file my_file-v5.cif (mmCIF, C-alpha atoms)
data_run
#
loop_
_atom_site.group_PDB
_atom_site.id
_atom_site.type_symbol
_atom_site.label_atom_id
_atom_site.label_comp_id
_atom_site.auth_asym_id
_atom_site.auth_seq_id
_atom_site.Cartn_x
_atom_site.Cartn_y
_atom_site.Cartn_z
ATOM 1 C CA MET A 12 25.399 -25.852 -4.949
ATOM 2 C CA THR A 13 23.484 -23.295 -2.925
ATOM 3 C CA ILE A 14 19.819 -22.585 -3.510
ATOM 4 C CA SER A 15 19.114 -18.857 -3.575
ATOM 5 C CA GLN A 16 16.410 -17.636 -1.243
ATOM 6 C CA PRO A 17 13.421 -15.867 -2.831
ATOM 7 C CA ARG A 18 13.370 -12.105 -2.504
ATOM 8 C CA ARG A 19 10.814 -11.078 0.099
ATOM 9 C CA ILE A 20 8.676 -8.288 -1.326
ATOM 10 C CA GLY A 21 6.020 -6.339 0.556
ATOM 11 C CA ILE A 22 3.059 -5.212 -1.530
ATOM 12 C CA PHE A 23 1.604 -1.945 -0.241
ATOM 13 C CA GLY A 24 -1.313 -1.024 -2.480
ATOM 14 C CA GLY A 25 -3.359 2.139 -2.391
ATOM 15 C CA SER A 26 -4.502 5.199 -4.232
ATOM 16 C CA PHE A 27 -1.797 7.314 -2.511
ATOM 17 C CA ASN A 28 -3.916 10.367 -3.208
ATOM 18 C CA PRO A 29 -1.422 11.717 -2.167
ATOM 19 C CA ILE A 30 1.258 9.652 -0.440
ATOM 20 C CA HIS A 31 2.126 11.027 3.020
ATOM 21 C CA VAL A 32 4.684 10.531 5.778
ATOM 22 C CA GLY A 33 2.406 8.018 7.517
ATOM 23 C CA HIS A 34 2.495 5.694 4.499
ATOM 24 C CA ILE A 35 6.268 5.926 4.373
ATOM 25 C CA GLY A 36 6.691 5.468 8.117
ATOM 26 C CA LEU A 37 4.509 2.352 8.096
ATOM 27 C CA ALA A 38 6.388 0.863 5.160
ATOM 28 C CA ARG A 39 9.733 1.481 6.878
ATOM 29 C CA GLN A 40 8.506 -0.321 9.993
ATOM 30 C CA ILE A 41 7.025 -3.302 8.125
ATOM 31 C CA LEU A 42 10.178 -3.588 6.010
ATOM 32 C CA GLY A 43 12.140 -4.305 9.166
ATOM 33 C CA LEU A 44 9.574 -6.102 11.310
ATOM 34 C CA ALA A 45 8.575 -8.559 8.563
ATOM 35 C CA HIS A 46 12.193 -8.989 7.371
ATOM 36 C CA LEU A 47 11.375 -7.885 3.830
ATOM 37 C CA ASP A 48 13.910 -7.032 1.144
ATOM 38 C CA GLU A 49 11.738 -4.332 -0.432
ATOM 39 C CA VAL A 50 8.308 -2.748 -0.177
ATOM 40 C CA TRP A 51 6.604 -1.911 -3.467
ATOM 41 C CA PHE A 52 4.041 0.902 -3.317
ATOM 42 C CA LEU A 53 1.511 -0.230 -5.933
ATOM 43 C CA VAL A 54 -0.304 2.923 -6.970
ATOM 44 C CA SER A 55 -3.830 1.772 -7.742
ATOM 45 C CA PRO A 56 -5.705 3.246 -10.706
ATOM 46 C CA LEU A 57 -9.059 2.369 -9.165
ATOM 47 C CA ASN A 58 -9.989 0.861 -5.810
ATOM 48 C CA PRO A 59 -13.139 -1.310 -6.123
ATOM 49 C CA PHE A 60 -14.441 0.237 -2.891
ATOM 50 C CA LYS A 61 -13.871 3.810 -4.092
ATOM 51 C CA LYS A 62 -15.567 3.769 -7.468
ATOM 52 C CA ALA A 63 -17.297 7.087 -6.841
ATOM 53 C CA ALA A 64 -14.105 8.965 -5.963
ATOM 54 C CA THR A 65 -14.248 12.301 -7.765
ATOM 55 C CA ASP A 66 -11.095 13.842 -6.264
ATOM 56 C CA LEU A 67 -8.740 11.087 -7.412
ATOM 57 C CA LEU A 68 -5.749 12.724 -9.052
ATOM 58 C CA ASP A 69 -4.606 11.462 -12.453
ATOM 59 C CA ASP A 70 -2.802 8.096 -12.199
ATOM 60 C CA ASP A 71 0.478 9.333 -13.659
ATOM 61 C CA LYS A 72 0.578 12.388 -11.377
ATOM 62 C CA ARG A 73 0.011 10.261 -8.265
ATOM 63 C CA LEU A 74 2.737 7.886 -9.435
ATOM 64 C CA ALA A 75 5.165 10.759 -10.081
ATOM 65 C CA ILE A 76 4.567 12.250 -6.623
ATOM 66 C CA THR A 77 4.959 8.808 -5.012
ATOM 67 C CA ARG A 78 8.223 8.135 -6.876
ATOM 68 C CA ILE A 79 9.748 11.441 -5.792
ATOM 69 C CA ALA A 80 8.469 11.039 -2.221
ATOM 70 C CA LEU A 81 10.263 7.680 -1.992
ATOM 71 C CA LYS A 82 13.506 8.871 -3.590
ATOM 72 C CA GLY A 83 16.378 7.928 -1.312
ATOM 73 C CA GLU A 84 14.221 5.658 0.872
ATOM 74 C CA ARG A 85 16.171 2.397 1.097
ATOM 75 C CA GLY A 86 14.057 -0.610 0.107
ATOM 76 C CA LEU A 87 10.947 1.427 -0.781
ATOM 77 C CA MET A 88 9.870 1.907 -4.380
ATOM 78 C CA ALA A 89 6.847 3.120 -6.348
ATOM 79 C CA SER A 90 5.273 0.852 -8.951
ATOM 80 C CA ASP A 91 2.809 1.355 -11.788
ATOM 81 C CA TYR A 92 2.268 -2.408 -12.082
ATOM 82 C CA GLU A 93 -1.514 -2.218 -11.687
ATOM 83 C CA PHE A 94 -1.824 0.382 -14.449
ATOM 84 C CA ARG A 95 -1.416 -2.414 -16.993
ATOM 85 C CA LEU A 96 -3.971 -4.775 -15.402
ATOM 86 C CA PRO A 97 -7.745 -4.927 -15.932
ATOM 87 C CA LYS A 98 -9.742 -2.389 -13.958
ATOM 88 C CA PRO A 99 -10.941 -2.263 -11.282
ATOM 89 C CA SER A 100 -7.824 -3.582 -9.562
ATOM 90 C CA TYR A 101 -8.467 -6.621 -7.411
ATOM 91 C CA THR A 102 -5.697 -7.816 -5.106
ATOM 92 C CA TRP A 103 -6.032 -11.495 -6.039
ATOM 93 C CA ASN A 104 -5.598 -10.676 -9.740
ATOM 94 C CA THR A 105 -2.629 -8.393 -9.096
ATOM 95 C CA LEU A 106 -1.014 -11.104 -6.979
ATOM 96 C CA GLN A 107 -1.607 -13.751 -9.652
ATOM 97 C CA HIS A 108 0.174 -11.614 -12.249
ATOM 98 C CA LEU A 109 3.001 -10.664 -9.882
ATOM 99 C CA LYS A 110 3.707 -14.318 -9.099
ATOM 100 C CA ALA A 111 3.839 -15.147 -12.816
ATOM 101 C CA ASP A 112 6.073 -12.175 -13.688
ATOM 102 C CA HIS A 113 8.384 -12.477 -10.665
ATOM 103 C CA PRO A 114 8.786 -16.199 -9.885
ATOM 104 C CA GLY A 115 11.856 -15.495 -7.743
ATOM 105 C CA CYS A 116 9.893 -13.394 -5.272
ATOM 106 C CA GLN A 117 7.844 -14.238 -2.204
ATOM 107 C CA PHE A 118 5.110 -11.670 -1.637
ATOM 108 C CA THR A 119 3.700 -10.257 1.578
ATOM 109 C CA LEU A 120 0.531 -8.182 1.368
ATOM 110 C CA ILE A 121 0.581 -5.142 3.673
ATOM 111 C CA ILE A 122 -2.847 -4.024 4.902
ATOM 112 C CA GLY A 123 -4.368 -2.117 7.793
ATOM 113 C CA ALA A 124 -6.277 -3.772 10.621
ATOM 114 C CA ASP A 125 -9.494 -2.240 9.279
ATOM 115 C CA ASN A 126 -8.960 -4.045 5.972
ATOM 116 C CA TRP A 127 -8.195 -7.320 7.725
ATOM 117 C CA LEU A 128 -11.502 -7.068 9.621
ATOM 118 C CA SER A 129 -13.325 -6.805 6.276
ATOM 119 C CA PHE A 130 -11.022 -9.241 4.446
ATOM 120 C CA SER A 131 -13.716 -11.913 4.062
ATOM 121 C CA ARG A 132 -15.604 -9.480 1.782
ATOM 122 C CA TRP A 133 -12.658 -9.035 -0.584
ATOM 123 C CA ALA A 134 -12.708 -10.759 -3.963
ATOM 124 C CA ARG A 135 -11.237 -14.278 -3.651
ATOM 125 C CA PRO A 136 -9.774 -13.957 -0.137
ATOM 126 C CA ASP A 137 -8.934 -17.690 -0.065
ATOM 127 C CA TYR A 138 -6.679 -17.278 -3.113
ATOM 128 C CA ILE A 139 -4.827 -14.415 -1.435
ATOM 129 C CA LEU A 140 -4.350 -16.369 1.797
ATOM 130 C CA SER A 141 -3.077 -19.378 -0.129
ATOM 131 C CA ASN A 142 -0.551 -17.422 -2.166
ATOM 132 C CA CYS A 143 1.066 -14.870 0.128
ATOM 133 C CA ASP A 144 1.764 -13.833 3.681
ATOM 134 C CA ILE A 145 -0.167 -10.892 5.103
ATOM 135 C CA ALA A 146 1.337 -8.215 7.323
ATOM 136 C CA VAL A 147 -1.346 -6.294 9.222
ATOM 137 C CA TYR A 148 -0.574 -2.903 10.736
ATOM 138 C CA ALA A 149 -2.452 -1.251 13.596
ATOM 139 C CA ARG A 150 -5.375 1.098 12.976
ATOM 140 C CA PRO A 151 -7.348 3.134 15.528
ATOM 141 C CA ASP A 152 -10.321 1.299 17.080
ATOM 142 C CA CYS A 153 -9.588 -1.926 15.189
ATOM 143 C CA ASP A 154 -9.004 -4.711 17.686
ATOM 144 C CA ILE A 155 -7.778 -8.037 16.342
ATOM 145 C CA ASP A 156 -7.521 -11.249 18.339
ATOM 146 C CA THR A 157 -4.135 -12.570 17.219
ATOM 147 C CA ALA A 158 -5.104 -16.081 18.362
ATOM 148 C CA THR A 159 -7.635 -16.212 15.504
ATOM 149 C CA LEU A 160 -5.189 -15.266 12.738
ATOM 150 C CA PRO A 161 -4.205 -17.816 10.073
ATOM 151 C CA HIS A 162 -0.610 -19.062 10.263
ATOM 152 C CA ASN A 163 0.603 -16.723 7.509
ATOM 153 C CA VAL A 164 -1.080 -13.557 8.822
ATOM 154 C CA ARG A 165 0.795 -11.475 11.383
ATOM 155 C CA LEU A 166 -0.290 -8.362 13.270
ATOM 156 C CA TYR A 167 2.573 -5.909 13.813
ATOM 157 C CA ASP A 168 2.660 -3.352 16.593
ATOM 158 C CA THR A 169 3.316 -0.323 14.417
ATOM 159 C CA LYS A 170 3.125 3.343 15.280
ATOM 160 C CA LEU A 171 -0.218 5.037 14.626
ATOM 161 C CA TYR A 172 -0.063 8.092 12.350
ATOM 162 C CA GLU A 173 -2.711 10.787 12.677
ATOM 163 C CA ILE A 174 -2.408 11.786 9.027
ATOM 164 C CA SER A 175 -4.715 11.127 6.098
ATOM 165 C CA SER A 176 -4.667 11.895 2.401
ATOM 166 C CA THR A 177 -8.160 13.378 2.793
ATOM 167 C CA LYS A 178 -6.877 15.866 5.398
ATOM 168 C CA ILE A 179 -3.973 16.818 3.149
ATOM 169 C CA ARG A 180 -6.275 17.452 0.168
ATOM 170 C CA ASP A 181 -8.626 19.461 2.379
ATOM 171 C CA ASN A 182 -5.788 21.574 3.771
ATOM 172 C CA VAL A 183 -4.498 22.334 0.273
ATOM 173 C CA LYS A 184 -7.959 23.409 -0.923
ATOM 174 C CA ARG A 185 -8.374 25.645 2.131
ATOM 175 C CA GLY A 186 -4.917 27.144 1.870
ATOM 176 C CA LEU A 187 -3.785 25.552 5.127
ATOM 177 C CA PRO A 188 -0.259 24.194 5.668
ATOM 178 C CA ILE A 189 0.718 20.598 4.927
ATOM 179 C CA THR A 190 4.288 20.902 6.189
ATOM 180 C CA GLY A 191 5.292 17.702 7.958
ATOM 181 C CA MET A 192 2.389 15.752 6.451
ATOM 182 C CA VAL A 193 4.158 14.965 3.189
ATOM 183 C CA PRO A 194 7.895 14.730 2.465
ATOM 184 C CA SER A 195 9.281 18.240 1.938
ATOM 185 C CA ARG A 196 10.540 17.321 -1.541
ATOM 186 C CA VAL A 197 6.959 16.830 -2.803
ATOM 187 C CA GLU A 198 5.186 19.546 -0.802
ATOM 188 C CA GLY A 199 5.167 21.957 -3.751
ATOM 189 C CA MET A 200 3.989 19.238 -6.150
ATOM 190 C CA VAL A 201 1.123 18.266 -3.834
ATOM 191 C CA LYS A 202 -0.012 21.882 -3.433
ATOM 192 C CA GLU A 203 0.050 22.415 -7.174
ATOM 193 C CA ALA A 204 -1.699 19.123 -7.971
ATOM 194 C CA TYR A 205 -4.504 19.406 -5.410
ATOM 195 C CA GLY A 206 -4.965 23.167 -5.322
ATOM 196 C CA ALA A 207 -8.415 24.495 -6.132
#
call {"tool": "encode", "arguments": {"input": "my_file-v5.cif", "output": "structure tokens"}}
result
Amino acid sequence: MTISQPRRIGIFGGSFNPIHVGHIGLARQILGLAHLDEVWFLVSPLNPFKKAATDLLDDDKRLAITRIALKGERGLMASDYEFRLPKPSYTWNTLQHLKADHPGCQFTLIIGADNWLSFSRWARPDYILSNCDIAVYARPDCDIDTATLPHNVRLYDTKLYEISSTKIRDNVKRGLPITGMVPSRVEGMVKEAYGA
């Protein structure tokens, strides 16, 4: 009798306000580098560190854009999982629920180097470290000494993307192009959703 291996799932959380080609490119890289079966883009209804965000598009609209942006991307999928959890969304609580609902999965949290450098200030960081692996991707001006990383935290040498959701929103409001910043199949949706 063979014992089936747990599915390795990457958890990529964020507001995705909106999702852009940098998010997708990073997820593609981590999918391969960390030997994951899938990466789930958990669209967050509210980031505890962004409580004052006034330009956060409606949850369902961000989810719809993310789903269409990922259409046809092998191993990448959008998820509304956090929409059903208490707000604000804390990673430890999301992870606790995911483990209960998907016992056949092994989760890897995907975060930027900037978030790893502030990880000790997250809610219940010890719980997160004890219950999942962490894949850290490179960020500008964020140096990490890999010798200091816990055994289940790995820094990956990923490509840096000079794209941000803030820049995309700003370009749309100013009538500037966003071609190449978001997948072409959602460009019209993004312009309509974030237009002034």
call {"tool": "closest_residue", "arguments": {"input": "my_file-v5.cif", "among": "A:Pro99, A:Gly33, A:Pro161, A:Gly25", "to": "Leu140 of chain A", "atoms": "all atoms listed in the file"}}
result
A:Pro161
call {"tool": "atom_distance", "arguments": {"input": "my_file-v5.cif", "atom1": "atom CA of Gly123 of chain A", "atom2": "atom CA of Cys143 of chain A"}}
result
15.8 Å
call {"tool": "resolve_selection", "arguments": {"input": "my_file-v5.cif", "expression": "the PyMOL selection byres ((chain A and resi 103) around 9)", "output": "list of chain:residue names"}}
result
A:Ser100, A:Tyr101, A:Thr102, A:Asn104, A:Thr105, A:Leu106, A:Gln107, A:His108, A:Trp133, A:Ala134, A:Arg135, A:Pro136, A:Tyr138, A:Ile139, A:Asn142
call {"tool": "atom_distance", "arguments": {"input": "my_file-v5.cif", "atom1": "atom CA of Gln16 of chain A", "atom2": "atom CA of His113 of chain A"}}
result
13.4 Å
call {"tool": "resolve_selection", "arguments": {"input": "my_file-v5.cif", "expression": "the PyMOL selection byres ((chain A and resi 73-88) around 9)", "output": "MDAnalysis selection string"}}
result
chainID A and resid 26:32 35 38:39 42 47:54 67:72 89:91 193:197 200:201
call {"tool": "resolve_selection", "arguments": {"input": "my_file-v5.cif", "expression": "the PyMOL selection byres ((chain A and resi 17) around 10)", "output": "mmCIF file with C-alpha atoms, keeping the file's coordinate frame"}}
result
data_model
loop_
_atom_site.group_PDB
_atom_site.id
_atom_site.type_symbol
_atom_site.label_atom_id
_atom_site.label_comp_id
_atom_site.auth_asym_id
_atom_site.auth_seq_id
_atom_site.Cartn_x
_atom_site.Cartn_y
_atom_site.Cartn_z
ATOM 1 C CA ILE A 14 19.819 -22.585 -3.510
ATOM 2 C CA SER A 15 19.114 -18.857 -3.575
ATOM 3 C CA GLN A 16 16.410 -17.636 -1.243
ATOM 4 C CA ARG A 18 13.370 -12.105 -2.504
ATOM 5 C CA ARG A 19 10.814 -11.078 0.099
ATOM 6 C CA ILE A 20 8.676 -8.288 -1.326
ATOM 7 C CA ASP A 48 13.910 -7.032 1.144
ATOM 8 C CA HIS A 113 8.384 -12.477 -10.665
ATOM 9 C CA PRO A 114 8.786 -16.199 -9.885
ATOM 10 C CA GLY A 115 11.856 -15.495 -7.743
ATOM 11 C CA CYS A 116 9.893 -13.394 -5.272
ATOM 12 C CA GLN A 117 7.844 -14.238 -2.204
ATOM 13 C CA PHE A 118 5.110 -11.670 -1.637
#
call {"tool": "closest_residue", "arguments": {"input": "my_file-v5.cif", "among": "A:Tyr172, A:Asp125, A:Arg132, A:His46", "to": "Ile155 of chain A", "atoms": "all atoms listed in the file"}}
result
A:Asp125
call {"tool": "atom_distance", "arguments": {"input": "my_file-v5.cif", "atom1": "atom CA of Tyr148 of chain A", "atom2": "atom CA of Tyr167 of chain A"}}
result
5.3 Å
call {"tool": "closest_residue", "arguments": {"input": "my_file-v5.cif", "among": "A:Asn126, A:Thr119, A:Thr159, A:Ser176", "to": "Ser141 of chain A", "atoms": "all atoms listed in the file"}}
result
A:Thr119
call {"tool": "axis_aligned_box", "arguments": {"input": "my_file-v5.cif", "around": "segment 78-97 of chain A", "padding_each_side": "5 Å", "output": "AutoDock Vina command-line options"}}
result
--center_x 4.3 --center_y 3.3 --center_z -7.9 --size_x 34.1 --size_y 26.4 --size_z 28.1
call {"tool": "closest_residue", "arguments": {"input": "my_file-v5.cif", "among": "A:Asp112, A:Ile145, A:Cys153, A:Gly206", "to": "Ser129 of chain A", "atoms": "only C-alpha atoms"}}
result
A:Cys153
call {"tool": "closest_residue", "arguments": {"input": "my_file-v5.cif", "among": "A:Arg165, A:Arg95, A:Lys202, A:Lys170", "to": "Arg185 of chain A", "atoms": "only C-alpha atoms"}}
result
A:Lys202
call {"tool": "build_atoms", "arguments": {"input": "my_file-v5.cif", "residues": "segment 17-31 of chain A", "atoms": "N, CA, C and O atoms", "output": "PDB file, in the frame of the given file"}}
result
ATOM      1  N   PRO A  17      14.252 -16.821  -2.090  1.00  0.00           N
ATOM      2  CA  PRO A  17      13.421 -15.867  -2.831  1.00  0.00           C
ATOM      3  C   PRO A  17      13.501 -14.482  -2.197  1.00  0.00           C
ATOM      4  O   PRO A  17      13.679 -14.354  -0.992  1.00  0.00           O
ATOM      5  N   ARG A  18      13.423 -13.478  -3.021  1.00  0.00           N
ATOM      6  CA  ARG A  18      13.370 -12.105  -2.504  1.00  0.00           C
ATOM      7  C   ARG A  18      12.018 -11.898  -1.837  1.00  0.00           C
ATOM      8  O   ARG A  18      10.982 -12.271  -2.391  1.00  0.00           O
ATOM      9  N   ARG A  19      12.051 -11.320  -0.656  1.00  0.00           N
ATOM     10  CA  ARG A  19      10.814 -11.078   0.099  1.00  0.00           C
ATOM     11  C   ARG A  19      10.339  -9.651  -0.186  1.00  0.00           C
ATOM     12  O   ARG A  19      10.991  -8.681   0.195  1.00  0.00           O
ATOM     13  N   ILE A  20       9.186  -9.571  -0.870  1.00  0.00           N
ATOM     14  CA  ILE A  20       8.676  -8.288  -1.326  1.00  0.00           C
ATOM     15  C   ILE A  20       7.341  -7.975  -0.646  1.00  0.00           C
ATOM     16  O   ILE A  20       6.402  -8.771  -0.690  1.00  0.00           O
ATOM     17  N   GLY A  21       7.279  -6.812  -0.016  1.00  0.00           N
ATOM     18  CA  GLY A  21       6.020  -6.339   0.556  1.00  0.00           C
ATOM     19  C   GLY A  21       5.226  -5.581  -0.491  1.00  0.00           C
ATOM     20  O   GLY A  21       5.789  -4.760  -1.233  1.00  0.00           O
ATOM     21  N   ILE A  22       3.948  -5.895  -0.585  1.00  0.00           N
ATOM     22  CA  ILE A  22       3.059  -5.212  -1.530  1.00  0.00           C
ATOM     23  C   ILE A  22       2.156  -4.269  -0.743  1.00  0.00           C
ATOM     24  O   ILE A  22       1.324  -4.702   0.051  1.00  0.00           O
ATOM     25  N   PHE A  23       2.363  -2.975  -0.941  1.00  0.00           N
ATOM     26  CA  PHE A  23       1.604  -1.945  -0.241  1.00  0.00           C
ATOM     27  C   PHE A  23       0.784  -1.208  -1.290  1.00  0.00           C
ATOM     28  O   PHE A  23       1.281  -0.332  -1.981  1.00  0.00           O
ATOM     29  N   GLY A  24      -0.459  -1.608  -1.458  1.00  0.00           N
ATOM     30  CA  GLY A  24      -1.313  -1.024  -2.480  1.00  0.00           C
ATOM     31  C   GLY A  24      -2.159   0.108  -1.928  1.00  0.00           C
ATOM     32  O   GLY A  24      -2.483   0.147  -0.745  1.00  0.00           O
ATOM     33  N   GLY A  25      -2.499   1.039  -2.810  1.00  0.00           N
ATOM     34  CA  GLY A  25      -3.359   2.139  -2.391  1.00  0.00           C
ATOM     35  C   GLY A  25      -3.455   3.191  -3.465  1.00  0.00           C
ATOM     36  O   GLY A  25      -2.712   3.169  -4.454  1.00  0.00           O
ATOM     37  N   SER A  26      -4.372   4.114  -3.262  1.00  0.00           N
ATOM     38  CA  SER A  26      -4.502   5.199  -4.232  1.00  0.00           C
ATOM     39  C   SER A  26      -3.396   6.234  -4.038  1.00  0.00           C
ATOM     40  O   SER A  26      -3.030   6.926  -4.974  1.00  0.00           O
ATOM     41  N   PHE A  27      -2.854   6.343  -2.810  1.00  0.00           N
ATOM     42  CA  PHE A  27      -1.797   7.314  -2.511  1.00  0.00           C
ATOM     43  C   PHE A  27      -2.158   8.666  -3.129  1.00  0.00           C
ATOM     44  O   PHE A  27      -1.480   9.182  -3.997  1.00  0.00           O
ATOM     45  N   ASN A  28      -3.254   9.204  -2.606  1.00  0.00           N
ATOM     46  CA  ASN A  28      -3.916  10.367  -3.208  1.00  0.00           C
ATOM     47  C   ASN A  28      -3.939  11.574  -2.255  1.00  0.00           C
ATOM     48  O   ASN A  28      -5.033  12.045  -1.928  1.00  0.00           O
ATOM     49  N   PRO A  29      -2.781  12.089  -1.802  1.00  0.00           N
ATOM     50  CA  PRO A  29      -1.422  11.717  -2.167  1.00  0.00           C
ATOM     51  C   PRO A  29      -0.764  10.837  -1.097  1.00  0.00           C
ATOM     52  O   PRO A  29      -1.298  10.656  -0.006  1.00  0.00           O
ATOM     53  N   ILE A  30       0.432  10.345  -1.413  1.00  0.00           N
ATOM     54  CA  ILE A  30       1.258   9.652  -0.440  1.00  0.00           C
ATOM     55  C   ILE A  30       1.612  10.639   0.676  1.00  0.00           C
ATOM     56  O   ILE A  30       1.734  11.839   0.436  1.00  0.00           O
ATOM     57  N   HIS A  31       1.741  10.143   1.915  1.00  0.00           N
ATOM     58  CA  HIS A  31       2.126  11.027   3.020  1.00  0.00           C
ATOM     59  C   HIS A  31       3.138  10.327   3.929  1.00  0.00           C
ATOM     60  O   HIS A  31       3.477   9.155   3.723  1.00  0.00           O
TER      61      HIS A  31
END
